[in-house]
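Encoded as structure tokens, the structure appears first; notes follow it.
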Amino acid sequence: MRKKIIIGNWKMFKTNTEAVDFIKAVESKLSIDKNTIAGIAVPFVMLSDAKKASKNLVISAQNCFYENEGAYTGEISIPMLQNIGIDYVVIGHSERRDIFKETDEMINKKNIALLKANITPILCCGESLETYESGKTIEWVKKQIEAAFKGISENDAKKVVIAYEPIWAIGTGKVATPEIAQNVCKEIRNMVKNIYNESVSHEILIQYGGSVKPENINEILNQSDIDGALVGGASLQVDSYLGLIK
Ligand code: PGA
């Protein structure tokens, strides 16, 4: 049976102090069963303290660079993250792709570098409203998935967590129906099967993201090809976060 993985994506919200307080408050009330991975992806400056404060929550970075060191002003390397014990990193979020012009090729390099360092990539993919409305979602996501897994072995591929996040549902309150989310996640599993094989496609974890809340998470997680959620807005408050995990 595949595990469930629920990760809060804090984006550019909160301070270090708020992050530590949040983790303490959540962990004092949280019980996570052994088949669930629960965590938060926090801004870089909070990673170290968040990691120290957390006992059971996974602490993920929201991005990384693929070179180990060098003249890359403003970037954070994988060895820096490893040094403070980070073992999950979100890559290819649509906000990184759109605002910071990250390409499929860069995301592939990050995916390769993270897997080499034994860190779990949470690889985001998803289409714009325009692509969705023109009926080209699967074609678009397939291109993103094929590019992201280029040069990655079967053994490493299973360790990637894929997050399907339709851009039109991110922060808009416009959640994809469970049927739409399930259908795309099923197609993504099929893409993984076509690149690798049945066993990889069966093992790989696929999350849905886009306006997930305590009120709608159950029907989303009940879908057979959806193994978890990447949650923005609803992961920022303690009660709402707890509502997502229980
Ligand atoms: P949202 O964000 O839950 O606020 O829609 C999801 C995400 O961008 O990961």
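For the structure tokens, the naming scheme is as follows: chains receive sequential letters (A, B, ...) according to their order of presentation, residues are indexed from 1 within each chain, and ligands are indexed from 1 in presentation order.
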Could you write out, as a ChimeraX atom specification, all the residues of stretch 175-246 of chain A that DSSP marks as strand (DSSP E)? /A:205-209,228-231
DSSP on the backbone, alpha helix (DSSP H) only: what residues of stretch 85-130 of chain A does that give? Format it as a list of chain:residue names.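 The alpha helix (DSSP H) subset of stretch 85-130 of chain A is A:Ser94, A:Glu95, A:Arg96, A:Arg97, A:Asp98, A:Ile99, A:Asp104, A:Glu105, A:Met106, A:Ile107, A:Asn108, A:Lys109, A:Lys110, A:Asn111, A:Ile112, A:Ala113, A:Leu114, A:Leu115, A:Lys116, A:Leu129, A:Glu130.
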Produce a file of the selected residues containing C-alpha atoms, as a CSV table (one decimal), in the first residue's frame.
chain,number,residue,atom,x,y,z
A,94,SER,CA,4.4,26.8,-11.1
A,95,GLU,CA,5.3,30.0,-9.3
A,96,ARG,CA,9.0,29.2,-9.9
A,97,ARG,CA,8.3,28.3,-13.5
A,98,ASP,CA,6.1,31.4,-14.2
A,99,ILE,CA,7.7,34.2,-12.1
A,104,ASP,CA,12.0,22.0,-17.7
A,105,GLU,CA,15.7,21.5,-18.3
A,106,MET,CA,16.6,23.2,-15.0
A,107,ILE,CA,14.0,21.2,-13.1
A,108,ASN,CA,15.4,18.0,-14.6
A,109,LYS,CA,18.9,19.0,-13.4
A,110,LYS,CA,17.5,19.7,-9.9
A,111,ASN,CA,15.7,16.3,-9.9
A,112,ILE,CA,18.9,14.5,-10.9
A,113,ALA,CA,21.0,16.4,-8.3
A,114,LEU,CA,18.6,15.8,-5.5
A,115,LEU,CA,18.2,12.1,-6.2
A,116,LYS,CA,22.0,11.7,-6.3
A,129,LEU,CA,-6.2,27.8,-17.4
A,130,GLU,CA,-5.7,28.4,-21.1
Taking only C-alpha atoms and all ligand atoms into account, which residues have an atom no farther than 7 Å from ligand 1? I'd like them as a ChimeraX atom specification. /A:9,165,169-173,209-212,230-234
Got time to write the residues from that selection, N, CA and C atoms, as a short mmCIF file (atom, residue, chain, number, x, y, z; two decimals), in the first residue's frame?
data_model
loop_
_atom_site.label_atom_id
_atom_site.label_comp_id
_atom_site.auth_asym_id
_atom_site.auth_seq_id
_atom_site.Cartn_x
_atom_site.Cartn_y
_atom_site.Cartn_z
N ASN A 9 2.72 23.96 1.81
CA ASN A 9 3.66 24.80 1.07
C ASN A 9 3.45 26.24 1.53
N GLU A 165 -0.49 20.01 -9.85
CA GLU A 165 -1.14 21.24 -9.40
C GLU A 165 -1.62 22.07 -10.59
N ALA A 169 -6.13 26.28 -10.27
CA ALA A 169 -6.72 25.94 -8.96
C ALA A 169 -5.84 26.40 -7.81
N ILE A 170 -4.66 26.98 -8.11
CA ILE A 170 -3.75 27.39 -7.05
C ILE A 170 -4.13 28.75 -6.49
N GLY A 171 -4.46 28.76 -5.21
CA GLY A 171 -4.78 30.02 -4.52
C GLY A 171 -6.01 30.72 -5.05
N THR A 172 -6.82 30.02 -5.83
CA THR A 172 -7.98 30.66 -6.44
C THR A 172 -9.27 30.26 -5.74
N GLY A 173 -9.18 29.26 -4.88
CA GLY A 173 -10.39 28.74 -4.24
C GLY A 173 -11.16 27.83 -5.19
N GLY A 209 -2.52 19.22 -5.77
CA GLY A 209 -2.45 20.51 -5.08
C GLY A 209 -3.26 21.55 -5.80
N GLY A 210 -3.83 22.47 -5.06
CA GLY A 210 -4.66 23.53 -5.64
C GLY A 210 -5.92 23.69 -4.83
N SER A 211 -5.92 24.68 -3.91
CA SER A 211 -7.09 24.98 -3.07
C SER A 211 -7.58 23.79 -2.24
N VAL A 212 -6.64 22.96 -1.77
CA VAL A 212 -7.01 21.88 -0.86
C VAL A 212 -7.22 22.49 0.53
N LEU A 230 -0.48 18.73 -1.71
CA LEU A 230 0.45 19.84 -1.48
C LEU A 230 -0.47 21.04 -1.27
N VAL A 231 -0.39 21.61 -0.08
CA VAL A 231 -1.40 22.57 0.34
C VAL A 231 -0.77 23.92 0.66
N GLY A 232 -1.22 24.95 -0.01
CA GLY A 232 -0.71 26.30 0.25
C GLY A 232 -1.47 26.98 1.39
N GLY A 233 -2.41 27.84 1.03
CA GLY A 233 -3.14 28.68 1.98
C GLY A 233 -3.62 27.97 3.24
N ALA A 234 -4.19 26.79 3.08
CA ALA A 234 -4.79 26.11 4.23
C ALA A 234 -3.76 25.46 5.15
#
Using only C-alpha atoms, which residues sit within 7 Å of stretch 213-219 of chain A once same-chain residues fewer than 6 positions away are excluded, as a ChimeraX atom specification? /A:178,234,240,243-244
So that I have them on file, write out the residues from the current selection with N, CA, C and O atoms, as a PDB file, in the first residue's frame.
ATOM      1  N   PRO A 178     -12.733  16.215  -7.621  1.00  0.00           N
ATOM      2  CA  PRO A 178     -11.969  14.981  -7.374  1.00  0.00           C
ATOM      3  C   PRO A 178     -11.817  14.156  -8.649  1.00  0.00           C
ATOM      4  O   PRO A 178     -10.793  13.523  -8.871  1.00  0.00           O
ATOM      5  N   ALA A 234      -4.195  26.793   3.077  1.00  0.00           N
ATOM      6  CA  ALA A 234      -4.794  26.110   4.232  1.00  0.00           C
ATOM      7  C   ALA A 234      -3.758  25.456   5.149  1.00  0.00           C
ATOM      8  O   ALA A 234      -4.123  24.827   6.143  1.00  0.00           O
ATOM      9  N   SER A 240      -6.157  24.770  10.884  1.00  0.00           N
ATOM     10  CA  SER A 240      -6.429  24.320   9.534  1.00  0.00           C
ATOM     11  C   SER A 240      -5.429  23.217   9.131  1.00  0.00           C
ATOM     12  O   SER A 240      -5.811  22.203   8.539  1.00  0.00           O
ATOM     13  N   GLY A 243      -6.393  20.090  10.677  1.00  0.00           N
ATOM     14  CA  GLY A 243      -7.558  19.570   9.991  1.00  0.00           C
ATOM     15  C   GLY A 243      -7.208  18.821   8.705  1.00  0.00           C
ATOM     16  O   GLY A 243      -7.944  17.948   8.256  1.00  0.00           O
ATOM     17  N   LEU A 244      -6.085  19.162   8.125  1.00  0.00           N
ATOM     18  CA  LEU A 244      -5.662  18.475   6.894  1.00  0.00           C
ATOM     19  C   LEU A 244      -5.071  17.100   7.219  1.00  0.00           C
ATOM     20  O   LEU A 244      -5.195  16.164   6.442  1.00  0.00           O
TER      21      LEU A 244
END
Please provide the set of residues having any atom within 12 Å of A:Arg189, restricted to only C-alpha atoms, with same-chain residues fewer than 6 positions apart removed, written as an mmCIF file with all heavy atoms, in the first residue's frame.
data_model
loop_
_atom_site.group_PDB
_atom_site.id
_atom_site.type_symbol
_atom_site.label_atom_id
_atom_site.label_comp_id
_atom_site.auth_asym_id
_atom_site.auth_seq_id
_atom_site.Cartn_x
_atom_site.Cartn_y
_atom_site.Cartn_z
ATOM 1 N N ILE A 138 -3.309 16.924 -20.609
ATOM 2 C CA ILE A 138 -2.496 15.698 -20.555
ATOM 3 C C ILE A 138 -1.219 15.858 -21.394
ATOM 4 O O ILE A 138 -0.118 15.520 -20.952
ATOM 5 C CB ILE A 138 -3.324 14.469 -21.034
ATOM 6 C CG1 ILE A 138 -4.583 14.304 -20.151
ATOM 7 C CG2 ILE A 138 -2.492 13.188 -21.053
ATOM 8 C CD1 ILE A 138 -4.330 14.168 -18.652
ATOM 9 N N VAL A 141 1.174 18.178 -19.390
ATOM 10 C CA VAL A 141 1.769 17.537 -18.208
ATOM 11 C C VAL A 141 2.748 16.433 -18.651
ATOM 12 O O VAL A 141 3.796 16.248 -18.046
ATOM 13 C CB VAL A 141 0.655 16.992 -17.271
ATOM 14 C CG1 VAL A 141 1.233 16.138 -16.154
ATOM 15 C CG2 VAL A 141 -0.149 18.156 -16.683
ATOM 16 N N LYS A 142 2.422 15.754 -19.730
ATOM 17 C CA LYS A 142 3.298 14.684 -20.238
ATOM 18 C C LYS A 142 4.659 15.261 -20.618
ATOM 19 O O LYS A 142 5.710 14.681 -20.303
ATOM 20 C CB LYS A 142 2.632 14.036 -21.463
ATOM 21 C CG LYS A 142 3.367 12.844 -22.038
ATOM 22 C CD LYS A 142 2.441 12.085 -22.993
ATOM 23 C CE LYS A 142 3.138 10.904 -23.624
ATOM 24 N NZ LYS A 142 3.786 11.227 -24.904
ATOM 25 N N ILE A 145 6.514 15.957 -17.376
ATOM 26 C CA ILE A 145 6.948 14.726 -16.692
ATOM 27 C C ILE A 145 8.112 14.081 -17.460
ATOM 28 O O ILE A 145 9.128 13.706 -16.870
ATOM 29 C CB ILE A 145 5.755 13.733 -16.535
ATOM 30 C CG1 ILE A 145 4.714 14.315 -15.562
ATOM 31 C CG2 ILE A 145 6.202 12.336 -16.113
ATOM 32 C CD1 ILE A 145 5.134 14.389 -14.111
ATOM 33 N N GLU A 146 7.967 13.965 -18.753
ATOM 34 C CA GLU A 146 9.047 13.336 -19.536
ATOM 35 C C GLU A 146 10.349 14.114 -19.394
ATOM 36 O O GLU A 146 11.419 13.531 -19.255
ATOM 37 C CB GLU A 146 8.630 13.211 -21.003
ATOM 38 C CG GLU A 146 7.615 12.109 -21.172
ATOM 39 C CD GLU A 146 7.110 11.943 -22.602
ATOM 40 O OE1 GLU A 146 7.409 12.788 -23.475
ATOM 41 O OE2 GLU A 146 6.388 10.960 -22.828
ATOM 42 N N ALA A 157 13.652 6.861 -9.811
ATOM 43 C CA ALA A 157 12.356 7.429 -10.199
ATOM 44 C C ALA A 157 11.277 7.166 -9.150
ATOM 45 O O ALA A 157 10.458 8.033 -8.859
ATOM 46 C CB ALA A 157 11.931 6.856 -11.552
ATOM 47 N N LYS A 158 11.326 5.986 -8.543
ATOM 48 C CA LYS A 158 10.316 5.630 -7.534
ATOM 49 C C LYS A 158 10.340 6.529 -6.318
ATOM 50 O O LYS A 158 9.394 6.591 -5.554
ATOM 51 C CB LYS A 158 10.573 4.240 -6.946
ATOM 52 C CG LYS A 158 10.792 3.153 -7.845
ATOM 53 C CD LYS A 158 11.088 1.907 -7.005
ATOM 54 C CE LYS A 158 11.334 0.810 -8.001
ATOM 55 N NZ LYS A 158 11.891 -0.390 -7.477
ATOM 56 N N VAL A 161 8.365 12.256 -5.502
ATOM 57 C CA VAL A 161 6.945 12.503 -5.237
ATOM 58 C C VAL A 161 6.489 13.493 -6.306
ATOM 59 O O VAL A 161 7.104 14.552 -6.461
ATOM 60 C CB VAL A 161 6.737 13.123 -3.829
ATOM 61 C CG1 VAL A 161 5.269 13.467 -3.600
ATOM 62 C CG2 VAL A 161 7.250 12.181 -2.736
ATOM 63 N N ILE A 162 5.455 13.133 -7.046
ATOM 64 C CA ILE A 162 4.947 14.052 -8.068
ATOM 65 C C ILE A 162 3.759 14.825 -7.482
ATOM 66 O O ILE A 162 2.905 14.234 -6.819
ATOM 67 C CB ILE A 162 4.495 13.280 -9.333
ATOM 68 C CG1 ILE A 162 5.679 12.519 -9.950
ATOM 69 C CG2 ILE A 162 3.869 14.228 -10.358
ATOM 70 C CD1 ILE A 162 5.298 11.595 -11.108
ATOM 71 N N ALA A 163 3.743 16.139 -7.689
ATOM 72 C CA ALA A 163 2.587 16.930 -7.247
ATOM 73 C C ALA A 163 1.912 17.521 -8.469
ATOM 74 O O ALA A 163 2.499 18.352 -9.168
ATOM 75 C CB ALA A 163 3.029 18.044 -6.300
ATOM 76 N N TYR A 164 0.689 17.057 -8.743
ATOM 77 C CA TYR A 164 -0.065 17.642 -9.859
ATOM 78 C C TYR A 164 -0.854 18.841 -9.339
ATOM 79 O O TYR A 164 -1.730 18.705 -8.480
ATOM 80 C CB TYR A 164 -1.016 16.610 -10.489
ATOM 81 C CG TYR A 164 -2.012 17.279 -11.402
ATOM 82 C CD1 TYR A 164 -1.577 18.019 -12.496
ATOM 83 C CD2 TYR A 164 -3.381 17.223 -11.147
ATOM 84 C CE1 TYR A 164 -2.474 18.694 -13.309
ATOM 85 C CE2 TYR A 164 -4.293 17.890 -11.961
ATOM 86 C CZ TYR A 164 -3.824 18.627 -13.033
ATOM 87 O OH TYR A 164 -4.712 19.297 -13.828
ATOM 88 N N GLN A 182 -8.317 13.146 -10.087
ATOM 89 C CA GLN A 182 -8.043 11.704 -10.206
ATOM 90 C C GLN A 182 -7.662 11.352 -11.637
ATOM 91 O O GLN A 182 -6.708 10.623 -11.871
ATOM 92 C CB GLN A 182 -9.277 10.898 -9.744
ATOM 93 C CG GLN A 182 -9.383 9.459 -10.267
ATOM 94 C CD GLN A 182 -8.215 8.546 -9.856
ATOM 95 O OE1 GLN A 182 -7.484 8.839 -8.903
ATOM 96 N NE2 GLN A 182 -8.017 7.459 -10.592
ATOM 97 N N ASN A 183 -8.388 11.902 -12.592
ATOM 98 C CA ASN A 183 -8.130 11.551 -13.981
ATOM 99 C C ASN A 183 -6.709 11.945 -14.405
ATOM 100 O O ASN A 183 -5.989 11.153 -15.014
ATOM 101 C CB ASN A 183 -9.174 12.202 -14.886
ATOM 102 C CG ASN A 183 -8.939 11.815 -16.317
ATOM 103 O OD1 ASN A 183 -8.750 10.635 -16.627
ATOM 104 N ND2 ASN A 183 -8.883 12.804 -17.200
ATOM 105 N N ILE A 195 7.292 5.423 -19.255
ATOM 106 C CA ILE A 195 8.722 5.743 -19.231
ATOM 107 C C ILE A 195 9.500 4.587 -18.588
ATOM 108 O O ILE A 195 10.566 4.209 -19.061
ATOM 109 C CB ILE A 195 9.008 7.039 -18.433
ATOM 110 C CG1 ILE A 195 8.211 8.217 -18.975
ATOM 111 C CG2 ILE A 195 10.512 7.368 -18.421
ATOM 112 C CD1 ILE A 195 8.286 9.489 -18.099
ATOM 113 N N TYR A 196 8.952 4.030 -17.498
ATOM 114 C CA TYR A 196 9.643 2.966 -16.754
ATOM 115 C C TYR A 196 8.883 1.653 -16.903
ATOM 116 O O TYR A 196 8.990 0.997 -17.927
ATOM 117 C CB TYR A 196 9.817 3.389 -15.287
ATOM 118 C CG TYR A 196 10.687 4.625 -15.162
ATOM 119 C CD1 TYR A 196 10.109 5.894 -15.020
ATOM 120 C CD2 TYR A 196 12.072 4.542 -15.222
ATOM 121 C CE1 TYR A 196 10.895 7.032 -14.939
ATOM 122 C CE2 TYR A 196 12.864 5.677 -15.139
ATOM 123 C CZ TYR A 196 12.266 6.923 -15.000
ATOM 124 O OH TYR A 196 13.052 8.036 -14.933
ATOM 125 N N ASN A 197 8.114 1.307 -15.889
ATOM 126 C CA ASN A 197 7.342 0.069 -15.938
ATOM 127 C C ASN A 197 6.219 0.112 -14.902
ATOM 128 O O ASN A 197 6.092 1.068 -14.152
ATOM 129 C CB ASN A 197 8.257 -1.147 -15.688
ATOM 130 C CG ASN A 197 9.052 -0.952 -14.397
ATOM 131 O OD1 ASN A 197 8.488 -0.540 -13.375
ATOM 132 N ND2 ASN A 197 10.351 -1.210 -14.427
ATOM 133 N N GLU A 198 5.479 -0.953 -14.834
ATOM 134 C CA GLU A 198 4.316 -1.068 -13.942
ATOM 135 C C GLU A 198 4.725 -0.882 -12.468
ATOM 136 O O GLU A 198 4.056 -0.190 -11.699
ATOM 137 C CB GLU A 198 3.722 -2.477 -14.144
ATOM 138 C CG GLU A 198 2.506 -2.776 -13.344
ATOM 139 C CD GLU A 198 1.237 -2.607 -14.175
ATOM 140 O OE1 GLU A 198 1.231 -3.037 -15.337
ATOM 141 O OE2 GLU A 198 0.274 -2.039 -13.620
ATOM 142 N N SER A 199 5.846 -1.492 -12.100
ATOM 143 C CA SER A 199 6.232 -1.450 -10.690
ATOM 144 C C SER A 199 6.557 -0.023 -10.229
ATOM 145 O O SER A 199 6.134 0.412 -9.163
ATOM 146 C CB SER A 199 7.374 -2.462 -10.465
ATOM 147 O OG SER A 199 8.397 -1.919 -9.713
ATOM 148 N N VAL A 200 7.289 0.735 -11.041
ATOM 149 C CA VAL A 200 7.591 2.128 -10.690
ATOM 150 C C VAL A 200 6.283 2.924 -10.611
ATOM 151 O O VAL A 200 6.049 3.682 -9.661
ATOM 152 C CB VAL A 200 8.561 2.791 -11.699
ATOM 153 C CG1 VAL A 200 8.827 4.240 -11.333
ATOM 154 C CG2 VAL A 200 9.881 2.030 -11.777
ATOM 155 N N SER A 201 5.408 2.714 -11.585
ATOM 156 C CA SER A 201 4.168 3.504 -11.609
ATOM 157 C C SER A 201 3.270 3.144 -10.429
ATOM 158 O O SER A 201 2.524 3.967 -9.931
ATOM 159 C CB SER A 201 3.422 3.306 -12.930
ATOM 160 O OG SER A 201 2.776 2.065 -12.945
ATOM 161 N N HIS A 202 3.392 1.934 -9.965
ATOM 162 C CA HIS A 202 2.585 1.501 -8.831
ATOM 163 C C HIS A 202 3.109 2.087 -7.511
ATOM 164 O O HIS A 202 2.349 2.423 -6.618
ATOM 165 C CB HIS A 202 2.586 -0.028 -8.781
ATOM 166 C CG HIS A 202 1.601 -0.562 -7.807
ATOM 167 N ND1 HIS A 202 0.248 -0.532 -8.046
ATOM 168 C CD2 HIS A 202 1.765 -1.082 -6.568
ATOM 169 C CE1 HIS A 202 -0.382 -1.034 -6.987
ATOM 170 N NE2 HIS A 202 0.516 -1.359 -6.081
ATOM 171 N N GLU A 203 4.417 2.211 -7.426
ATOM 172 C CA GLU A 203 5.032 2.680 -6.173
ATOM 173 C C GLU A 203 5.074 4.189 -6.007
ATOM 174 O O GLU A 203 5.055 4.706 -4.888
ATOM 175 C CB GLU A 203 6.483 2.187 -6.107
ATOM 176 C CG GLU A 203 6.631 0.842 -5.446
ATOM 177 C CD GLU A 203 8.099 0.492 -5.274
ATOM 178 O OE1 GLU A 203 8.818 1.256 -4.610
ATOM 179 O OE2 GLU A 203 8.500 -0.547 -5.828
ATOM 180 N N ILE A 204 5.188 4.904 -7.108
ATOM 181 C CA ILE A 204 5.444 6.346 -7.020
ATOM 182 C C ILE A 204 4.261 7.092 -6.360
ATOM 183 O O ILE A 204 3.097 6.746 -6.592
ATOM 184 C CB ILE A 204 5.772 6.916 -8.430
ATOM 185 C CG1 ILE A 204 6.546 8.223 -8.314
ATOM 186 C CG2 ILE A 204 4.527 7.088 -9.290
ATOM 187 C CD1 ILE A 204 7.307 8.591 -9.584
ATOM 188 N N LEU A 205 4.578 8.072 -5.510
ATOM 189 C CA LEU A 205 3.523 8.827 -4.827
ATOM 190 C C LEU A 205 3.136 10.040 -5.668
ATOM 191 O O LEU A 205 4.005 10.774 -6.151
ATOM 192 C CB LEU A 205 3.994 9.288 -3.448
ATOM 193 C CG LEU A 205 4.350 8.186 -2.438
ATOM 194 C CD1 LEU A 205 4.792 8.805 -1.116
ATOM 195 C CD2 LEU A 205 3.164 7.246 -2.203
ATOM 196 N N ILE A 206 1.832 10.249 -5.817
ATOM 197 C CA ILE A 206 1.340 11.399 -6.587
ATOM 198 C C ILE A 206 0.378 12.216 -5.712
ATOM 199 O O ILE A 206 -0.608 11.686 -5.203
ATOM 200 C CB ILE A 206 0.628 10.949 -7.885
ATOM 201 C CG1 ILE A 206 1.552 10.047 -8.726
ATOM 202 C CG2 ILE A 206 0.176 12.165 -8.695
ATOM 203 C CD1 ILE A 206 0.947 9.519 -10.019
ATOM 204 N N GLN A 207 0.727 13.481 -5.545
ATOM 205 C CA GLN A 207 -0.129 14.385 -4.771
ATOM 206 C C GLN A 207 -0.964 15.241 -5.715
ATOM 207 O O GLN A 207 -0.564 15.502 -6.845
ATOM 208 C CB GLN A 207 0.725 15.371 -3.953
ATOM 209 C CG GLN A 207 1.635 14.771 -2.932
ATOM 210 C CD GLN A 207 2.486 15.870 -2.277
ATOM 211 O OE1 GLN A 207 3.178 16.609 -2.960
ATOM 212 N NE2 GLN A 207 2.448 15.956 -0.965
ATOM 213 N N SER A 224 -8.276 6.896 -6.118
ATOM 214 C CA SER A 224 -7.323 5.778 -6.108
ATOM 215 C C SER A 224 -5.904 6.143 -6.555
ATOM 216 O O SER A 224 -4.942 5.509 -6.143
ATOM 217 C CB SER A 224 -7.858 4.632 -6.952
ATOM 218 O OG SER A 224 -8.088 5.084 -8.256
ATOM 219 N N ASP A 225 -5.756 7.163 -7.393
ATOM 220 C CA ASP A 225 -4.401 7.497 -7.850
ATOM 221 C C ASP A 225 -3.823 8.718 -7.145
ATOM 222 O O ASP A 225 -2.752 9.190 -7.530
ATOM 223 C CB ASP A 225 -4.390 7.685 -9.369
ATOM 224 C CG ASP A 225 -4.506 6.338 -10.066
ATOM 225 O OD1 ASP A 225 -3.543 5.562 -9.988
ATOM 226 O OD2 ASP A 225 -5.577 6.038 -10.612
ATOM 227 N N ILE A 226 -4.510 9.226 -6.136
ATOM 228 C CA ILE A 226 -4.016 10.402 -5.405
ATOM 229 C C ILE A 226 -3.532 9.972 -4.026
ATOM 230 O O ILE A 226 -4.285 9.417 -3.228
ATOM 231 C CB ILE A 226 -5.102 11.492 -5.296
ATOM 232 C CG1 ILE A 226 -5.595 11.876 -6.704
ATOM 233 C CG2 ILE A 226 -4.560 12.719 -4.543
ATOM 234 C CD1 ILE A 226 -6.636 12.957 -6.755
ATOM 235 N N ASP A 227 -2.255 10.207 -3.772
ATOM 236 C CA ASP A 227 -1.634 9.723 -2.534
ATOM 237 C C ASP A 227 -1.354 10.825 -1.529
ATOM 238 O O ASP A 227 -0.650 10.596 -0.544
ATOM 239 C CB ASP A 227 -0.303 9.020 -2.863
ATOM 240 C CG ASP A 227 -0.478 7.977 -3.944
ATOM 241 O OD1 ASP A 227 -1.377 7.136 -3.802
ATOM 242 O OD2 ASP A 227 0.262 8.030 -4.948
#
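Remark: for A:Ile40, the closest of the candidate residues A:Ser54, A:Asn68, A:Thr177, A:Ser60 is A:Ser60 (distances computed over only C-alpha atoms).
Computed from the coordinates, the atom CA of A:Ala19 to atom CA of A:Gln62 distance equals 14.4 Å.
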Long-range neighbours of A:Glu69 as a PyMOL selection string, 10 Å cut-off, only C-alpha atoms, 4 positions minimum in chain: chain A and resi 65+75-80
Residues at most 10 Å from A:Ile84, counting only C-alpha atoms, excluding those fewer than 2 positions away in the same chain, as a list in words? Leu47, Ser48, Asp49, Lys51, Lys52, Pro79, Met80, Leu81, Gln82, Ile86 and Asp87 of chain A
Selected residue of minimal separation from A:Phe149 among A:Thr15, A:Asn56, A:Thr131, A:Asn194, counting only C-alpha atoms: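 Of A:Thr15, A:Asn56, A:Thr131, A:Asn194, the one nearest A:Phe149, counting only C-alpha atoms, is A:Asn194.
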Separation of atom CA of A:Gly228 from atom CA of A:Tyr66, in Å and rounded to one decimal: 26.1 Å
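Here atom CA of A:Ile6 is placed at a distance of 20.7 Å from atom CA of A:Glu187.
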